[in-house]
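Worksheet: the structure to be examined is printed underneath.
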Amino acid sequence: GQCYRSLSGHKDTISSLAVGSSGEVYSASADATIKIWDLTSGKCFKTLTGHKSGVTILILNMDTDLISGSSDGSIKSI
């Protein structure tokens, strides 16, 4: 296949991805942020902060709660 779109904006390794039912993409990174992307435009429309170390896992629960885990030992939910 061909690459459809490249998303750039994290400052470190990407560790986890999740996709919402509306097509938004969530990316977690070792830069301690989560970015929410519009896949159609390829633009990041929100950056979430709060972890003190790299975000290692994302779970999108029933498309309503975003749960993240970090190497700082914390779990956060929005």
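All residue names refer to the structure tokens as shown: chains lettered A, B, ... in order, residues numbered from 1 in each chain, ligands numbered from 1 in order.
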Near-Val55 in chain A list (9 Å; only C-alpha atoms; drop same-chain fewer than 6 positions) as a compact mmCIF listing (two decimals) with all heavy atoms, in the first residue's frame:
# COMPACT_ATOMS: atom_id res chain seq x y z
N ILE A 14 6.92 7.69 19.52
CA ILE A 14 5.50 7.42 19.73
C ILE A 14 5.36 5.99 20.25
O ILE A 14 5.94 5.06 19.69
CB ILE A 14 4.70 7.62 18.43
CG1 ILE A 14 4.76 9.10 18.05
CG2 ILE A 14 3.26 7.15 18.59
CD1 ILE A 14 4.24 9.41 16.68
N SER A 15 4.59 5.84 21.33
CA SER A 15 4.49 4.54 21.99
C SER A 15 3.14 3.86 21.84
O SER A 15 3.04 2.66 22.01
CB SER A 15 4.82 4.70 23.48
OG SER A 15 3.96 5.68 24.04
N SER A 16 2.10 4.64 21.55
CA SER A 16 0.76 4.05 21.49
C SER A 16 -0.15 4.93 20.65
O SER A 16 0.02 6.14 20.59
CB SER A 16 0.19 3.91 22.91
OG SER A 16 -1.02 3.19 22.90
N ALA A 28 0.34 8.77 21.77
CA ALA A 28 1.06 8.93 23.03
C ALA A 28 2.55 8.89 22.73
O ALA A 28 2.99 8.15 21.85
CB ALA A 28 0.70 7.80 23.99
N SER A 29 3.32 9.66 23.48
CA SER A 29 4.74 9.76 23.18
C SER A 29 5.61 9.77 24.43
O SER A 29 5.17 10.13 25.52
CB SER A 29 4.99 11.05 22.39
OG SER A 29 6.36 11.28 22.18
N ALA A 30 6.88 9.42 24.20
CA ALA A 30 7.89 9.51 25.26
C ALA A 30 8.17 10.97 25.63
O ALA A 30 8.84 11.24 26.62
CB ALA A 30 9.17 8.82 24.81
N ASP A 31 7.63 11.92 24.87
CA ASP A 31 7.78 13.34 25.22
C ASP A 31 6.78 13.78 26.29
O ASP A 31 6.67 14.96 26.60
CB ASP A 31 7.70 14.24 23.99
CG ASP A 31 6.34 14.27 23.30
OD1 ASP A 31 5.35 13.76 23.87
OD2 ASP A 31 6.25 14.81 22.18
N ALA A 32 6.04 12.81 26.87
CA ALA A 32 5.09 13.02 27.98
C ALA A 32 3.81 13.72 27.54
O ALA A 32 3.09 14.27 28.37
CB ALA A 32 5.75 13.77 29.15
N THR A 33 3.50 13.71 26.24
CA THR A 33 2.26 14.32 25.76
C THR A 33 1.41 13.31 25.01
O THR A 33 1.87 12.27 24.56
CB THR A 33 2.53 15.51 24.81
OG1 THR A 33 3.13 15.02 23.61
CG2 THR A 33 3.39 16.57 25.45
N ILE A 34 0.14 13.66 24.90
CA ILE A 34 -0.81 12.97 24.03
C ILE A 34 -1.31 14.01 23.05
O ILE A 34 -1.69 15.12 23.45
CB ILE A 34 -1.99 12.40 24.84
CG1 ILE A 34 -1.50 11.37 25.86
CG2 ILE A 34 -3.06 11.81 23.92
CD1 ILE A 34 -2.52 11.00 26.91
N SER A 68 -4.73 6.97 30.00
CA SER A 68 -3.32 6.89 29.63
C SER A 68 -2.49 6.42 30.81
O SER A 68 -2.80 6.68 31.96
CB SER A 68 -2.81 8.26 29.15
OG SER A 68 -2.96 9.23 30.16
N GLY A 69 -1.42 5.69 30.48
CA GLY A 69 -0.47 5.24 31.49
C GLY A 69 0.90 5.76 31.12
O GLY A 69 1.24 5.90 29.94
N SER A 70 1.70 6.02 32.15
CA SER A 70 3.01 6.64 31.93
C SER A 70 4.10 5.90 32.70
O SER A 70 3.83 5.25 33.71
CB SER A 70 2.95 8.10 32.40
OG SER A 70 4.23 8.67 32.42
N SER A 71 5.33 6.06 32.23
CA SER A 71 6.46 5.49 32.95
C SER A 71 6.74 6.22 34.26
O SER A 71 7.58 5.80 35.04
CB SER A 71 7.71 5.46 32.07
OG SER A 71 8.00 6.73 31.57
N ASP A 72 6.00 7.31 34.54
CA ASP A 72 6.10 7.97 35.84
C ASP A 72 5.25 7.25 36.90
O ASP A 72 5.22 7.64 38.05
CB ASP A 72 5.71 9.46 35.76
CG ASP A 72 4.24 9.71 35.41
OD1 ASP A 72 3.41 8.78 35.44
OD2 ASP A 72 3.93 10.86 35.08
> Hey, which of A:Thr49, A:Ile75, A:Gly20, A:Leu39 ends up closest to Asp63 in chain A? Count only C-alpha atoms.
Replying inline: A:Gly20
> How many Å lie between CA of Ile67 in chain A and CA of Trp37 in chain A, rounded to one decimal?
Replying inline: 16.6 Å
> So how far away is CA of Gly54 in chain A from CA of Ser41 in chain A, in Å?
Replying inline: 26.2 Å
> What is the CA of Lys52 in chain A to CA of Asp38 in chain A distance in Å?
Replying inline: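 CA of Lys52 in chain A sits 25.5 Å away from CA of Asp38 in chain A.
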